[in-house]
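**Q** First, the structure itself, so that you have it in front of you.
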Amino acid sequence: MEFAGDAIADTAVPAVAGAFTPAQVVAYLDRFIVGQHKAKRAVAIALRNRWRRQRVEGNLRNEITPNNILMIGPTGVGKTEIARRLAALAGAPFVKVEASKFTEVGYVGRDVESMVRDLAEAAIGLVRSERLESVREPARRAAQDRLLDVLLPPGSGDGQPAGEADEGARERVRRRLRAKLEAGEFDERIVELDLPQNRMPLLEVFTPQGGMEEMGMNLGSVFGNMFPQRTKRRKVKVREALRILEQEEAGKLVDNEDVTNEAIRRAEELGIIFIDELDKVAGREGKGGPDVSREGVQRDLLPVVEGTTVSTKHGAVRTDHVLFIAAGAFHVAKPGDLIPELQGRFPIRVELDSLDADDFVRILTEPQNALVKQYTALLETEGVKVEFVPEAIRRIAEVANEVNSRAENIGARRLHTVMTVLLDDILFSVPDEQIREVVITPERVETRLRSILQDDNLSRYVL
């Protein structure tokens, strides 16, 4: 099936993403992630269900909650990438957290509600970026006007009252200066501007939930206009001045209250929280030492995943309709080791497949962000053309698979190690040596990677 949204950028807005069918979402994810069809299918259905819920009328809409997903699979097989790409496609606020970073209430460390505060911050940044983009043109125009006032001060002249003819001549000069400014002819000229100084420092607030949380409380917002904003006269190039002034003018055109309200709504309705390493807290009480708070972390996670209200500096955020995607290798612990209540909050379970040499070949060549394409593009910036022979790519995949089988299996991340060792001499030599074309052959792969295959320790190559 041809993907109808082939031209859609990674930053597609929610209104557009809602029109995707599950098959189209899977086709989109196939452009970046090899295999793992079951996981892609599950997240595609979850995304479409959000669009369906928005179209449900009446009170029933509030009763429809997302089916949270638990991904089970070894590291480096695409769990995080699937969730991240899904959030980018949906234009949804997204945060990734590690369950092992949290501690039970009463212990030193981050409390689980901090993930919701992080989600609110992500939503604020996402909405603010959209609002700033929407006012870019008027902000740029206003910034140019301010800069033209510096280049052509209003009081310049002989000090006599200006007549209509003088005003007309001044306007013509101003138009010519604006044309040159837009053409970049003044980029290197130095101008003096009164620019605001850095904002007051942020406060770290000690929260009773169990740790120091960066609440980001700005003193200026607390005391309002009690303290006037201080400015400092600086000399900057016109190019830099235009950028600074454009940011200032855009900030004036954006309604912060509207941004906050929309961000909270989007976090509650569209937010995605990816909880990695859930298997690290899949322990039961009964043992002392470092395992003592594992079940406590699970019990603290439970109300957040189930649906609760979390206070943030931007306002209260409800988590009833936030989509939670958890993941873990579950090599030692099993999903059944989680407390039953938490297991019930992740009703959709998908197992991701381990990767072999054939998968590595596809990962190296097929995705839009494939490693072969990345290194080819990097060296093209130096004027070097790199060609990978298909047999060489196959051998790279086999080496990565063999190293994974002999050392710790880190999945596709092993390809980064192998490619770095393979291209190390080229990346170091360019541009000192006049290299214009490089062909990566199977023989070159064997020569460069022999040290990895012959080293029994392999510890230096484990990421």
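Ordering of the structure tokens sets the chain letters (A, B, ...), residue numbers begin anew at 1 in every chain, and ligands are numbered from 1 in the order given.
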Which polymer residues have any atom within 10 Å of an atom of A:Tyr375, counting only C-alpha atoms, with same-chain residues fewer than 2 positions away left out, as an MDAnalysis selection string?
**A** chainID A and resid 370:373 377:380 386 419:420 423 427
**Q** Apply DSSP to the structure's backbone, then extract all residues of stretch 33-136 of chain A labelled strand (DSSP E or B) and return them as number ranges by chain.
**A** A: 69-72, 94-98, 102, 110
**Q** Any chance you can output those residues with N, CA and C atoms as a PDB file, in the first residue's frame?
**A**
```
ATOM      1  N   ILE A  69       0.109   0.576  26.442  1.00  0.00           N
ATOM      2  CA  ILE A  69       0.837  -0.482  25.733  1.00  0.00           C
ATOM      3  C   ILE A  69       2.108  -0.830  26.496  1.00  0.00           C
ATOM      4  N   LEU A  70       2.389  -2.114  26.601  1.00  0.00           N
ATOM      5  CA  LEU A  70       3.640  -2.606  27.183  1.00  0.00           C
ATOM      6  C   LEU A  70       4.422  -3.316  26.089  1.00  0.00           C
ATOM      7  N   MET A  71       5.599  -2.754  25.755  1.00  0.00           N
ATOM      8  CA  MET A  71       6.472  -3.360  24.756  1.00  0.00           C
ATOM      9  C   MET A  71       7.526  -4.205  25.460  1.00  0.00           C
ATOM     10  N   ILE A  72       7.651  -5.436  25.025  1.00  0.00           N
ATOM     11  CA  ILE A  72       8.598  -6.368  25.620  1.00  0.00           C
ATOM     12  C   ILE A  72       9.608  -6.771  24.564  1.00  0.00           C
ATOM     13  N   PHE A  94       5.533  14.756  24.088  1.00  0.00           N
ATOM     14  CA  PHE A  94       6.128  13.438  24.313  1.00  0.00           C
ATOM     15  C   PHE A  94       7.293  13.576  25.281  1.00  0.00           C
ATOM     16  N   VAL A  95       7.346  12.672  26.249  1.00  0.00           N
ATOM     17  CA  VAL A  95       8.499  12.600  27.141  1.00  0.00           C
ATOM     18  C   VAL A  95       8.892  11.138  27.306  1.00  0.00           C
ATOM     19  N   LYS A  96      10.177  10.926  27.471  1.00  0.00           N
ATOM     20  CA  LYS A  96      10.718   9.584  27.727  1.00  0.00           C
ATOM     21  C   LYS A  96      11.364   9.609  29.097  1.00  0.00           C
ATOM     22  N   VAL A  97      10.991   8.674  29.933  1.00  0.00           N
ATOM     23  CA  VAL A  97      11.553   8.592  31.280  1.00  0.00           C
ATOM     24  C   VAL A  97      12.008   7.160  31.521  1.00  0.00           C
ATOM     25  N   GLU A  98      12.915   7.002  32.470  1.00  0.00           N
ATOM     26  CA  GLU A  98      13.373   5.682  32.881  1.00  0.00           C
ATOM     27  C   GLU A  98      12.785   5.366  34.250  1.00  0.00           C
ATOM     28  N   PHE A 102      13.150   6.622  39.269  1.00  0.00           N
ATOM     29  CA  PHE A 102      12.180   7.013  40.278  1.00  0.00           C
ATOM     30  C   PHE A 102      12.388   6.222  41.560  1.00  0.00           C
ATOM     31  N   ARG A 110      13.736  11.215  42.292  1.00  0.00           N
ATOM     32  CA  ARG A 110      12.606  11.830  41.608  1.00  0.00           C
ATOM     33  C   ARG A 110      11.323  11.079  41.933  1.00  0.00           C
TER      34      ARG A 110
END
```
